[in-house]
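Q: Supplied structure: entry.cif, mmCIF, C-alpha atoms.
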data_final
loop_
_atom_site.group_PDB
_atom_site.id
_atom_site.type_symbol
_atom_site.label_atom_id
_atom_site.label_comp_id
_atom_site.auth_asym_id
_atom_site.auth_seq_id
_atom_site.Cartn_x
_atom_site.Cartn_y
_atom_site.Cartn_z
ATOM 1 C CA MET H 156 -4.446 -5.749 -33.403
ATOM 2 C CA THR H 157 -4.808 -3.503 -36.418
ATOM 3 C CA ILE H 158 -6.490 -0.131 -36.768
ATOM 4 C CA GLY H 159 -9.252 -1.896 -38.716
ATOM 5 C CA ASN H 160 -9.939 -4.137 -35.715
ATOM 6 C CA PHE H 161 -10.212 -1.086 -33.488
ATOM 7 C CA ARG H 162 -12.702 0.494 -35.877
ATOM 8 C CA SER H 163 -14.781 -2.668 -36.175
ATOM 9 C CA ASN H 164 -14.814 -3.277 -32.432
ATOM 10 C CA GLY H 165 -15.653 0.360 -31.679
ATOM 11 C CA LYS H 166 -15.294 1.468 -28.086
ATOM 12 C CA ILE H 167 -14.339 -1.992 -26.818
ATOM 13 C CA GLY H 168 -11.221 -1.990 -28.966
ATOM 14 C CA PHE H 169 -10.273 1.466 -27.760
ATOM 15 C CA VAL H 170 -10.742 0.448 -24.125
ATOM 16 C CA VAL H 171 -8.638 -2.701 -24.629
ATOM 17 C CA PHE H 172 -5.898 -0.668 -26.325
ATOM 18 C CA THR H 173 -5.972 1.926 -23.521
ATOM 19 C CA ILE H 174 -5.738 -0.735 -20.811
ATOM 20 C CA LEU H 175 -2.923 -2.580 -22.569
ATOM 21 C CA PHE H 176 -1.039 0.650 -23.180
ATOM 22 C CA PHE H 177 -1.456 1.962 -19.653
ATOM 23 C CA PHE H 178 -0.633 -1.258 -17.812
ATOM 24 C CA GLY H 179 1.658 -2.823 -20.364
ATOM 25 C CA CYS H 180 4.188 -0.037 -20.728
ATOM 26 C CA LYS H 181 5.535 -0.058 -17.189
ATOM 27 C CA SER H 182 5.793 -3.510 -15.670
ATOM 28 C CA GLU H 183 8.824 -2.759 -13.524
ATOM 29 C CA VAL H 184 10.211 0.366 -11.912
ATOM 30 C CA SER H 185 13.881 1.210 -11.577
ATOM 31 C CA GLN H 186 15.768 2.849 -8.715
ATOM 32 C CA ALA H 187 15.474 6.299 -10.307
ATOM 33 C CA ALA H 188 11.679 6.270 -10.122
ATOM 34 C CA GLY H 189 9.809 7.858 -7.246
ATOM 35 C CA ALA H 190 6.692 6.873 -5.311
ATOM 36 C CA THR H 191 4.335 8.526 -7.796
ATOM 37 C CA ASP H 192 5.592 6.211 -10.539
ATOM 38 C CA LEU H 193 4.626 3.075 -8.586
ATOM 39 C CA SER H 194 0.848 3.441 -8.637
ATOM 40 C CA GLY H 195 -1.885 5.569 -10.085
ATOM 41 C CA PRO H 196 -3.886 8.103 -8.108
ATOM 42 C CA ALA H 197 -5.794 7.078 -5.008
ATOM 43 C CA VAL H 198 -9.223 5.545 -5.697
ATOM 44 C CA TYR H 199 -12.014 6.716 -3.375
ATOM 45 C CA SER H 200 -14.632 4.271 -2.058
ATOM 46 C CA ALA H 201 -17.977 5.635 -0.836
ATOM 47 C CA PHE H 202 -18.543 2.291 0.939
ATOM 48 C CA TRP H 203 -15.556 2.953 3.208
ATOM 49 C CA GLY H 204 -15.493 6.751 3.027
ATOM 50 C CA ALA H 205 -11.760 6.440 2.311
ATOM 51 C CA ARG H 206 -9.295 5.547 -0.405
ATOM 52 C CA MET H 207 -8.890 1.925 -1.431
ATOM 53 C CA PRO H 208 -5.681 -0.030 -0.658
ATOM 54 C CA ARG H 209 -2.726 1.069 -2.740
ATOM 55 C CA VAL H 210 -1.511 -1.269 -5.476
ATOM 56 C CA CYS H 211 2.074 -0.907 -6.736
ATOM 57 C CA GLN H 212 4.061 -2.055 -9.696
ATOM 58 C CA ARG H 213 7.059 -4.294 -9.099
ATOM 59 C CA VAL H 214 10.264 -2.656 -7.896
ATOM 60 C CA THR H 215 13.223 -4.806 -8.909
ATOM 61 C CA SER H 216 16.130 -2.825 -7.453
ATOM 62 C CA PRO H 217 16.688 -1.775 -3.837
ATOM 63 C CA PRO H 218 14.088 0.950 -3.173
ATOM 64 C CA ASN H 219 14.877 4.541 -2.314
ATOM 65 C CA ALA H 220 12.985 6.240 0.563
ATOM 66 C CA ALA H 221 10.123 7.456 -1.664
ATOM 67 C CA GLN H 222 9.661 4.002 -3.192
ATOM 68 C CA ALA H 223 9.878 2.327 0.220
ATOM 69 C CA THR H 224 7.108 4.622 1.478
ATOM 70 C CA ALA H 225 4.816 3.529 -1.382
ATOM 71 C CA LEU H 226 5.811 -0.137 -0.984
ATOM 72 C CA ILE H 227 4.885 0.018 2.714
ATOM 73 C CA GLN H 228 1.367 1.085 1.753
ATOM 74 C CA CYS H 229 1.143 -1.529 -1.001
ATOM 75 C CA HIS H 230 2.197 -4.303 1.382
ATOM 76 C CA MET H 231 0.229 -3.222 4.460
ATOM 77 C CA ASP H 232 -3.004 -1.699 3.066
ATOM 78 C CA HIS H 233 -5.777 -4.291 2.830
ATOM 79 C CA ALA H 234 -9.518 -4.768 3.122
ATOM 80 C CA THR H 235 -11.673 -7.517 4.585
ATOM 81 C CA ARG H 236 -15.455 -7.751 4.501
ATOM 82 C CA GLU H 237 -15.648 -5.891 7.805
ATOM 83 C CA ASN H 238 -12.670 -3.524 7.859
ATOM 84 C CA LEU H 239 -10.343 -1.437 5.737
ATOM 85 C CA PHE H 240 -6.760 -1.074 6.993
ATOM 86 C CA LEU H 241 -4.650 1.785 5.603
ATOM 87 C CA ILE H 242 -1.244 3.152 6.555
ATOM 88 C CA GLN H 243 -0.799 6.916 6.158
ATOM 89 C CA ASN H 244 1.516 9.822 6.939
ATOM 90 C CA ILE H 245 4.580 7.617 6.601
ATOM 91 C CA LYS H 246 7.890 9.269 7.381
ATOM 92 C CA ILE H 247 10.913 6.989 7.139
ATOM 93 C CA GLN H 248 14.659 7.025 7.194
ATOM 94 C CA MET H 249 16.508 4.182 5.558
ATOM 95 C CA GLY H 250 19.216 2.680 7.730
ATOM 96 C CA GLY H 251 21.782 0.056 6.935
ATOM 97 C CA THR H 252 21.413 -3.460 5.638
ATOM 98 C CA HIS H 253 21.908 -6.866 7.178
ATOM 99 C CA PRO H 254 21.853 -10.434 5.895
ATOM 100 C CA VAL H 255 18.570 -12.295 6.192
ATOM 101 C CA GLY H 256 18.327 -13.624 9.751
ATOM 102 C CA ALA H 257 16.024 -15.937 11.663
ATOM 103 C CA MET H 258 13.485 -13.194 12.442
ATOM 104 C CA ASP H 259 13.540 -11.969 8.844
ATOM 105 C CA GLY H 260 12.521 -15.428 7.639
ATOM 106 C CA ILE H 261 8.947 -14.780 8.703
ATOM 107 C CA GLU H 262 8.542 -12.208 5.927
ATOM 108 C CA ASP H 263 6.415 -13.142 2.931
ATOM 109 C CA ASN H 264 8.396 -15.220 0.436
ATOM 110 C CA ILE H 265 11.730 -13.625 1.414
ATOM 111 C CA ASP H 266 14.772 -14.432 -0.716
ATOM 112 C CA ASN H 267 17.261 -15.741 1.862
ATOM 113 C CA ARG H 268 20.206 -14.780 -0.377
ATOM 114 C CA SER H 269 19.322 -11.067 -0.365
ATOM 115 C CA LYS H 270 19.955 -8.210 2.068
ATOM 116 C CA VAL H 271 17.326 -6.722 4.365
ATOM 117 C CA TYR H 272 17.101 -2.911 4.370
ATOM 118 C CA ASP H 273 16.351 -1.390 7.795
ATOM 119 C CA LEU H 274 13.764 1.375 8.188
ATOM 120 C CA HIS H 275 13.012 3.751 11.077
ATOM 121 C CA GLY H 276 10.097 6.132 11.126
ATOM 122 C CA SER H 277 6.543 6.998 12.047
ATOM 123 C CA HIS H 278 3.067 6.509 10.592
ATOM 124 C CA ASP H 279 -0.669 6.500 11.241
ATOM 125 C CA TYR H 280 -2.558 3.208 10.884
ATOM 126 C CA TYR H 281 -6.273 3.469 10.010
ATOM 127 C CA ASN H 282 -8.840 0.783 10.810
ATOM 128 C CA CYS H 283 -12.114 1.785 9.112
ATOM 129 C CA GLU H 284 -15.592 0.297 9.190
ATOM 130 C CA PRO H 285 -18.068 0.667 6.311
ATOM 131 C CA ILE H 286 -20.157 3.832 6.199
ATOM 132 C CA ASN H 287 -23.630 3.076 7.553
ATOM 133 C CA GLU H 288 -25.418 6.377 7.993
ATOM 134 C CA SER H 289 -28.884 4.879 8.541
ATOM 135 C CA VAL H 290 -27.838 2.817 11.589
ATOM 136 C CA MET H 291 -24.425 3.963 12.792
ATOM 137 C CA HIS H 292 -24.495 7.631 11.687
ATOM 138 C CA ASN H 293 -20.775 7.289 11.049
ATOM 139 C CA THR H 294 -20.085 9.300 7.890
ATOM 140 C CA ALA H 295 -16.618 10.874 8.233
ATOM 141 C CA LYS H 296 -16.137 9.263 11.648
ATOM 142 C CA ASN H 297 -15.869 5.559 10.826
ATOM 143 C CA CYS H 298 -12.140 5.046 11.455
ATOM 144 C CA PHE H 299 -9.823 4.440 14.380
ATOM 145 C CA VAL H 300 -6.334 5.920 13.919
ATOM 146 C CA THR H 301 -3.287 4.603 15.768
ATOM 147 C CA HIS H 302 -0.331 7.004 15.802
ATOM 148 C CA ALA H 303 3.091 5.349 15.840
ATOM 149 C CA ALA H 304 5.643 8.080 16.567
ATOM 150 C CA SER H 305 8.677 5.794 16.487
ATOM 151 C CA THR H 306 8.700 2.425 14.789
ATOM 152 C CA THR H 307 10.989 0.169 12.806
ATOM 153 C CA GLY H 308 10.535 -1.826 9.654
ATOM 154 C CA GLU H 309 12.320 -3.368 6.714
ATOM 155 C CA CYS H 310 12.416 -3.853 2.982
ATOM 156 C CA TRP H 311 13.331 -7.231 1.515
ATOM 157 C CA MET H 312 13.549 -9.014 -1.792
ATOM 158 C CA VAL H 313 11.124 -11.818 -2.572
ATOM 159 C CA HIS H 314 11.832 -14.822 -4.775
ATOM 160 C CA ASP H 315 10.548 -13.160 -7.972
ATOM 161 C CA GLY H 316 13.192 -10.425 -7.638
ATOM 162 C CA SER H 317 10.831 -7.652 -6.486
ATOM 163 C CA PHE H 318 10.885 -5.812 -3.162
ATOM 164 C CA SER H 319 8.341 -5.461 -0.338
ATOM 165 C CA CYS H 320 8.476 -3.151 2.689
ATOM 166 C CA GLU H 321 6.605 -2.843 5.988
ATOM 167 C CA LEU H 322 6.628 -0.961 9.289
ATOM 168 C CA GLN H 323 5.582 -2.337 12.652
ATOM 169 C CA VAL H 324 2.119 -1.388 13.868
ATOM 170 C CA LEU H 325 1.505 -0.592 17.541
ATOM 171 C CA ALA H 326 -0.672 -3.168 19.302
ATOM 172 C CA GLY H 327 -1.723 -3.923 22.854
ATOM 173 C CA PRO H 328 -1.520 -1.213 25.548
ATOM 174 C CA ASP H 329 0.832 0.990 23.476
ATOM 175 C CA GLY H 330 -1.516 0.850 20.510
ATOM 176 C CA ARG H 331 -4.644 1.558 22.534
ATOM 177 C CA ALA H 332 -2.976 4.498 24.281
ATOM 178 C CA ASN H 333 -2.174 6.060 20.896
ATOM 179 C CA THR H 334 -5.515 5.399 19.155
ATOM 180 C CA VAL H 335 -8.146 8.013 18.395
ATOM 181 C CA ALA H 336 -11.711 6.958 17.470
ATOM 182 C CA HIS H 337 -14.339 8.540 15.187
ATOM 183 C CA GLN H 338 -11.937 9.847 12.547
ATOM 184 C CA PRO H 339 -12.573 10.289 8.807
ATOM 185 C CA GLY H 340 -10.818 7.907 6.447
ATOM 186 C CA PRO H 341 -7.867 9.076 4.353
ATOM 187 C CA THR H 342 -8.569 9.947 0.719
ATOM 188 C CA THR H 343 -5.008 10.386 -0.590
ATOM 189 C CA TYR H 344 -1.762 8.464 -0.305
#
Output the file's structure as structure tokens, nothing else.
A:
Amino acid sequence: MTIGNFRSNGKIGFVVFTILFFFGCKSEVSQAAGATDLSGPAVYSAFWGARMPRVCQRVTSPPNAAQATALIQCHMDHATRENLFLIQNIKIQMGGTHPVGAMDGIEDNIDNRSKVYDLHGSHDYYNCEPINESVMHNTAKNCFVTHAASTTGECWMVHDGSFSCELQVLAGPDGRANTVAHQPGPTTY
């Protein structure tokens, strides 16, 4: 596109250039990058009263602890029509590695030739419902938070050469015993 095209297209051309520049310049992140380089700032949703799920760029080398923390959010944060699930306050230590085993094969699109990186840590897992002040009166108290003080997880390479990470979430009696209701949703990463 030439400068003349930008002038003739006005604001649309500028917006296209800005989007291409912003998203096109960093398609992959190296080992030296930190968590802040993997995604932009948190995006707030008034519908949920919380931030939206984190979206990361591809990491194509084994992640460091900061990158693994961001990749955990990018892999585990998600929304359905009824609920928003966010992982927060992640504190991890990276352990050793092991070859892909039978239990690791359940991971999304795992590359069986790669190593699995062990994680140990803690986190808070938010399950939020939409804000509905007229019926539920739930502004700033629409989330359940499950505190996981000690959990394990892993990072692994997928077939496209990028990495994903996750931590286990408490469920069943342990999860219910560590869950607090009527909490506000998180607004930052």
Q: Might you spell out which residues the PyMOL selection byres ((chain H and resi 232-245) around 9) would select in the displayed file, as a PDB file with C-alpha atoms, keeping the file's coordinate frame?
A:
ATOM      1  CA  TRP H 203     -15.556   2.953   3.208  1.00  0.00           C
ATOM      2  CA  ALA H 205     -11.760   6.440   2.311  1.00  0.00           C
ATOM      3  CA  ARG H 206      -9.295   5.547  -0.405  1.00  0.00           C
ATOM      4  CA  MET H 207      -8.890   1.925  -1.431  1.00  0.00           C
ATOM      5  CA  PRO H 208      -5.681  -0.030  -0.658  1.00  0.00           C
ATOM      6  CA  ARG H 209      -2.726   1.069  -2.740  1.00  0.00           C
ATOM      7  CA  VAL H 210      -1.511  -1.269  -5.476  1.00  0.00           C
ATOM      8  CA  THR H 224       7.108   4.622   1.478  1.00  0.00           C
ATOM      9  CA  ALA H 225       4.816   3.529  -1.382  1.00  0.00           C
ATOM     10  CA  ILE H 227       4.885   0.018   2.714  1.00  0.00           C
ATOM     11  CA  GLN H 228       1.367   1.085   1.753  1.00  0.00           C
ATOM     12  CA  CYS H 229       1.143  -1.529  -1.001  1.00  0.00           C
ATOM     13  CA  HIS H 230       2.197  -4.303   1.382  1.00  0.00           C
ATOM     14  CA  MET H 231       0.229  -3.222   4.460  1.00  0.00           C
ATOM     15  CA  LYS H 246       7.890   9.269   7.381  1.00  0.00           C
ATOM     16  CA  ILE H 247      10.913   6.989   7.139  1.00  0.00           C
ATOM     17  CA  GLY H 276      10.097   6.132  11.126  1.00  0.00           C
ATOM     18  CA  SER H 277       6.543   6.998  12.047  1.00  0.00           C
ATOM     19  CA  HIS H 278       3.067   6.509  10.592  1.00  0.00           C
ATOM     20  CA  ASP H 279      -0.669   6.500  11.241  1.00  0.00           C
ATOM     21  CA  TYR H 280      -2.558   3.208  10.884  1.00  0.00           C
ATOM     22  CA  TYR H 281      -6.273   3.469  10.010  1.00  0.00           C
ATOM     23  CA  ASN H 282      -8.840   0.783  10.810  1.00  0.00           C
ATOM     24  CA  CYS H 283     -12.114   1.785   9.112  1.00  0.00           C
ATOM     25  CA  GLU H 284     -15.592   0.297   9.190  1.00  0.00           C
ATOM     26  CA  PRO H 285     -18.068   0.667   6.311  1.00  0.00           C
ATOM     27  CA  CYS H 298     -12.140   5.046  11.455  1.00  0.00           C
ATOM     28  CA  GLY H 340     -10.818   7.907   6.447  1.00  0.00           C
ATOM     29  CA  PRO H 341      -7.867   9.076   4.353  1.00  0.00           C
ATOM     30  CA  THR H 343      -5.008  10.386  -0.590  1.00  0.00           C
ATOM     31  CA  TYR H 344      -1.762   8.464  -0.305  1.00  0.00           C
TER      32      TYR H 344
END
Q: Fewer than 3 positions away in the same chain doesn't count, so skip those; otherwise give me all residues within 12 Å of H:Glu288, counting all atoms listed in the file, as number ranges by chain.
A: H: 201-204, 284-285, 291-297
Q: Hey, what's within 10 Å of stretch 305-308 of chain H if we count only C-alpha atoms and toss same-chain stuff fewer than 5 positions away? As an mmCIF file with C-alpha atoms, in the frame of the given file, please?
A:
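Wrote result_6.cif, looks like this:
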data_model
loop_
_atom_site.group_PDB
_atom_site.id
_atom_site.type_symbol
_atom_site.label_atom_id
_atom_site.label_comp_id
_atom_site.auth_asym_id
_atom_site.auth_seq_id
_atom_site.Cartn_x
_atom_site.Cartn_y
_atom_site.Cartn_z
ATOM 1 C CA ILE H 227 4.885 0.018 2.714
ATOM 2 C CA LYS H 246 7.890 9.269 7.381
ATOM 3 C CA ILE H 247 10.913 6.989 7.139
ATOM 4 C CA GLN H 248 14.659 7.025 7.194
ATOM 5 C CA MET H 249 16.508 4.182 5.558
ATOM 6 C CA GLY H 250 19.216 2.680 7.730
ATOM 7 C CA VAL H 271 17.326 -6.722 4.365
ATOM 8 C CA TYR H 272 17.101 -2.911 4.370
ATOM 9 C CA ASP H 273 16.351 -1.390 7.795
ATOM 10 C CA LEU H 274 13.764 1.375 8.188
ATOM 11 C CA HIS H 275 13.012 3.751 11.077
ATOM 12 C CA GLY H 276 10.097 6.132 11.126
ATOM 13 C CA SER H 277 6.543 6.998 12.047
ATOM 14 C CA HIS H 278 3.067 6.509 10.592
ATOM 15 C CA CYS H 320 8.476 -3.151 2.689
ATOM 16 C CA GLU H 321 6.605 -2.843 5.988
ATOM 17 C CA LEU H 322 6.628 -0.961 9.289
ATOM 18 C CA GLN H 323 5.582 -2.337 12.652
ATOM 19 C CA VAL H 324 2.119 -1.388 13.868
ATOM 20 C CA LEU H 325 1.505 -0.592 17.541
#
Q: Expand the PyMOL selection byres ((chain H and resi 266) around 8) into the individual residues it matches in the shown file, reporting them as a ChimeraX atom specification.
A: /H:264-265,267-269,311-314
Q: Take the residues from that selection and put them in a file with C-alpha atoms, as a PDB file, in the coordinates of the input.
A:
ATOM      1  CA  ASN H 264       8.396 -15.220   0.436  1.00  0.00           C
ATOM      2  CA  ILE H 265      11.730 -13.625   1.414  1.00  0.00           C
ATOM      3  CA  ASN H 267      17.261 -15.741   1.862  1.00  0.00           C
ATOM      4  CA  ARG H 268      20.206 -14.780  -0.377  1.00  0.00           C
ATOM      5  CA  SER H 269      19.322 -11.067  -0.365  1.00  0.00           C
ATOM      6  CA  TRP H 311      13.331  -7.231   1.515  1.00  0.00           C
ATOM      7  CA  MET H 312      13.549  -9.014  -1.792  1.00  0.00           C
ATOM      8  CA  VAL H 313      11.124 -11.818  -2.572  1.00  0.00           C
ATOM      9  CA  HIS H 314      11.832 -14.822  -4.775  1.00  0.00           C
TER      10      HIS H 314
END
Q: Using all atoms listed in the file, which of the listed residues (H:His253, H:Ser194, H:Asp315, H:Gln338) sits closest to H:Ser216?
A: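 Answer, going by the shortest atom-to-atom distance: H:Asp315.
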